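J.: Mind looking over this structure? Questions follow.
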Amino acid sequence: MIAPTNQRPSLFQQQIEIIRRLEGIFQPFASVRRNALYIPNTPWIRFVHYTSAESALKIITSKRVWMRNTTCMADYREVQHGHEILVRYFSDTQRRDSFVQSLEQCSPGSATEAMTLFDQWLSDIRSYSYIASVSEHSNQEDQHGRLSMWRAFGDTNVARVAIVIKVPNYSEGQDALKVIYSPVAYLDEKGVHLALATIIQNVCNNVGFLASISRAQLVANIFNMFVAVVTCVKHEGFHEEREWRIIYSPNRHPSALIDSSIEIVRGVPQVVYQLPLDAARSNALADLDLYRMLDHLIIGPSSSSPAPSATGRPLSVATT
């Protein structure tokens, strides 16, 4: 949102501008993707969550989405994959020195502090990161969804549903929930290395700005850049998923609004964290209330015919 020329931007707007500028410097892929989707005067865009009909009903009635541990997901090696790429990049002395020296101009020792902090938290990042996923949704997919996503998610023996939601560009609820909401970067090792080289150049081009913010904020953004590589880099072969991730770190950034529970998923008991999309939970979640965000449902492929509703009409919103 752009303030009228005769008014000064609000403190909230100023904070958002700083956050977005820092994202452009330290997470250029995420910044480019976000700006491509959330064009000016577009307060929200549509995303979709593919799941089973049973899970969809639980989400809608409870206004809760499960965030599962990365070690329990089908693509659990992704976190290891991203870290391995980082290790290989910074094992090169010239590249490491270039990264550190670029940040020395802004705040001496900030790069080393962030790298040490990352090493200290690495075990927690790899073992206690909880994720829920959504996918970008286009108008062309309104009726039938995306075939590759139907194939990739959900048991083919059960009815499947796609929940289409309208997600705001930014909400104070994100701060209250203490979550990261970021697009997945579909990059090979060379692509990640190029992105890191771009970040170094971005730092050099924004020394004055980075020197003006607090050291704690600078270190946090360097640290979050490393976390993003570990949690949001995926093999380029999955690019059709167009995935965004909601990432929660209960040990580093706990939220009083998010509860945990032990659930059985495909026969395996595991801890899940329940992301509340419910304004009744907190006024801060008003923009993220599921009933406000819900756009429509798409009924996907199923081995069964649609069950009749109380009126005798099919329950399907759209069929594939």
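In the structure tokens, the first chain shown is A, the next is B, and so on; residue numbers restart at 1 for each chain, and ligands run from 1 in the order shown.
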Please provide as a list of chain:residue names all residues within 7 Å of Trp244 (chain A), with the sequence filter that same-chain residues fewer than 5 positions apart are discarded (counting only C-alpha atoms).

T.: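 Close residues of Trp244 (chain A): A:Ser133, A:Val134, A:Ser135, A:Tyr181, A:Ser182, A:Pro183, A:Val184.
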
J.: Please tabulate, as JSON lines, the residues of region 87-142 of chain A that come within 8 Å of region 197-214 of chain A, each with its closest pair of atoms and the distance in Å to one decimal, counting only C-alpha atoms and ordering rows by chain, then residue number upward.

T.:
{"residue": "A:Ser98", "atom": "CA", "partner": "A:Ile200", "partner_atom": "CA", "distance": 7.4}
{"residue": "A:Phe99", "atom": "CA", "partner": "A:Ile200", "partner_atom": "CA", "distance": 5.8}
{"residue": "A:Ser102", "atom": "CA", "partner": "A:Cys204", "partner_atom": "CA", "distance": 5.8}
{"residue": "A:Leu103", "atom": "CA", "partner": "A:Val203", "partner_atom": "CA", "distance": 6.8}
{"residue": "A:Gln105", "atom": "CA", "partner": "A:Val207", "partner_atom": "CA", "distance": 6.6}
{"residue": "A:Cys106", "atom": "CA", "partner": "A:Ala211", "partner_atom": "CA", "distance": 4.5}
{"residue": "A:Ser107", "atom": "CA", "partner": "A:Ala211", "partner_atom": "CA", "distance": 6.3}

J.: Taking 6 positions as the minimum chain separation for residues in the same chain, which residues sit within 7 Å of Met293 (chain A) when counting only C-alpha atoms? Answer as a list of chain:residue names.

T.: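 My list of contacting residues is A:Ile165, A:Lys166, A:Val167.
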
J.: In region 82-262 of chain A, what's alpha helix (DSSP H) per DSSP? Answer as a ChimeraX atom specification?

T.: /A:82-90,93-104,110-127,147-152,172-177,189-205,207-212,215-232

J.: For CA of Ala30 (chain A) and CA of Ser110 (chain A), determine how far apart the two atoms are, in Å to one decimal place.

T.: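 Taking CA of Ala30 (chain A) as the start and CA of Ser110 (chain A) as the end point, the length is 22.5 Å.
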
J.: Give me the residues of region 221-292 of chain A that have any atom at most 10 Å from an atom of region 46-62 of chain A; for each, the nearest atom pair and the distance in Å, rounded to one decimal. Use only C-alpha atoms, sort by chain and number, and format it as a Markdown table.

T.:
| residue | atom | partner | partner_atom | distance |
| --- | --- | --- | --- | --- |
| A:Arg242 | CA | A:Phe47 | CA | 9.7 |
| A:Glu243 | CA | A:Phe47 | CA | 9.2 |
| A:Trp244 | CA | A:Phe47 | CA | 8.7 |
| A:Gln274 | CA | A:Ser62 | CA | 9.9 |
| A:Leu275 | CA | A:Ile59 | CA | 10.0 |
| A:Pro276 | CA | A:Ser62 | CA | 8.5 |
| A:Leu277 | CA | A:Ser62 | CA | 8.8 |
| A:Asp278 | CA | A:Ser62 | CA | 8.6 |
| A:Leu290 | CA | A:Ile60 | CA | 7.5 |
| A:Tyr291 | CA | A:Ile60 | CA | 8.1 |

J.: Looking at A:Asp175, A:Glu136, A:Glu240, A:Glu141, which one is nearest to Trp44 (chain A), with distances taken over only C-alpha atoms?

T.: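 Ranking A:Asp175, A:Glu136, A:Glu240, A:Glu141 by distance to Trp44 (chain A), first place goes to A:Glu136.
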
J.: Got a sec to tell me which of region 170-263 of chain A DSSP assigns to strand (DSSP E), as number ranges by chain?

T.: A: 179-183, 185-186, 233-234, 243-248, 259-263

J.: Would you save the residues of that selection, restricted to C-alpha atoms, as a compact mmCIF listing (two decimals), in the first residue's frame?

T.:
# COMPACT_ATOMS: atom_id res chain seq x y z
CA VAL A 179 6.03 -18.30 11.19
CA ILE A 180 7.98 -17.79 7.97
CA TYR A 181 5.92 -17.74 4.78
CA SER A 182 8.14 -18.17 1.76
CA PRO A 183 8.19 -19.60 -1.76
CA ALA A 185 13.33 -22.07 -4.66
CA TYR A 186 13.71 -24.80 -7.27
CA VAL A 233 15.48 -25.06 -1.55
CA LYS A 234 14.09 -27.97 -3.54
CA GLU A 243 5.10 -24.45 -3.56
CA TRP A 244 5.12 -21.95 -0.71
CA ARG A 245 5.95 -23.07 2.81
CA ILE A 246 4.72 -22.01 6.23
CA ILE A 247 7.63 -22.80 8.53
CA TYR A 248 7.41 -22.92 12.32
CA ASP A 259 -0.67 -25.82 19.99
CA SER A 260 0.97 -29.20 19.50
CA SER A 261 -0.63 -32.63 19.53
CA ILE A 262 0.30 -36.22 18.83
CA GLU A 263 -1.44 -37.54 15.74

J.: Could you pull the residues within 12 Å of Thr116 (chain A), counting only C-alpha atoms, minus those fewer than 4 positions along the same chain, as a list in words?

T.: Gly109, Ser110, Ala111, Thr112, Gln120, Trp121, Leu122, Val219, Ala220, Ile222, Phe223 and Phe226 of chain A

J.: Suppose we keep C-alpha atoms; can you now write the selection as a PDB file, in the first residue's frame?

T.:
ATOM      1  CA  GLY A 109      31.727  -9.277  12.889  1.00  0.00           C
ATOM      2  CA  SER A 110      28.053  -9.580  11.929  1.00  0.00           C
ATOM      3  CA  ALA A 111      28.630 -12.321   9.347  1.00  0.00           C
ATOM      4  CA  THR A 112      30.730 -14.410  11.718  1.00  0.00           C
ATOM      5  CA  GLN A 120      24.586 -23.628  17.036  1.00  0.00           C
ATOM      6  CA  TRP A 121      20.978 -23.994  15.875  1.00  0.00           C
ATOM      7  CA  LEU A 122      21.608 -26.334  12.942  1.00  0.00           C
ATOM      8  CA  VAL A 219      22.372 -10.674  12.136  1.00  0.00           C
ATOM      9  CA  ALA A 220      18.816 -12.051  12.180  1.00  0.00           C
ATOM     10  CA  ILE A 222      21.788 -13.184   7.677  1.00  0.00           C
ATOM     11  CA  PHE A 223      20.751 -16.094   9.890  1.00  0.00           C
ATOM     12  CA  PHE A 226      20.858 -19.573   5.867  1.00  0.00           C
TER      13      PHE A 226
END

J.: Neighbouring residues of Val227 (chain A) were defined as those with any atom within 10 Å, considering only C-alpha atoms; residues of the same chain fewer than 2 positions away were excluded. Please report them as number ranges by chain.

T.: A: 79, 82-83, 118, 121-122, 125-126, 221-225, 229-233

J.: Give me the residues near Trp150 (chain A) as an NGL selection string, where near means some atom within 8 Å (using only C-alpha atoms) and where sequence neighbours in that chain fewer than 5 positions away do not count.

T.: :A and (50 or 145 or 160 or 300-301)

J.: Please, could you write that set of residues out with N, CA and C atoms as a tab-separated table (two decimals), in the first residue's frame?

T.:
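Final output, saved to again20.tsv:
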chain	number	residue	atom	x	y	z
A	50	TYR	N	-3.69	-29.10	-1.60
A	50	TYR	CA	-4.21	-30.39	-2.06
A	50	TYR	C	-4.11	-31.40	-0.91
A	145	GLY	N	-8.22	-28.02	-11.17
A	145	GLY	CA	-6.97	-28.12	-10.42
A	145	GLY	C	-5.80	-28.42	-11.34
A	160	ARG	N	-10.08	-36.92	-2.99
A	160	ARG	CA	-9.14	-35.83	-2.74
A	160	ARG	C	-9.80	-34.49	-3.03
A	300	GLY	N	-11.47	-33.55	-6.35
A	300	GLY	CA	-10.54	-34.16	-7.28
A	300	GLY	C	-10.91	-35.58	-7.67
A	301	PRO	N	-9.96	-36.28	-8.31
A	301	PRO	CA	-10.20	-37.66	-8.75
A	301	PRO	C	-10.57	-38.56	-7.58

J.: At what distance in Å, to one decimal, does CA of Gly173 (chain A) lie from CA of Ser129 (chain A)?

T.: 19.4 Å

J.: Quote the spacing between CA of Val32 (chain A) and CA of Ser91 (chain A) in Å to one decimal place.

T.: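 About the pair CA of Val32 (chain A) and CA of Ser91 (chain A): they are 27.9 Å apart.
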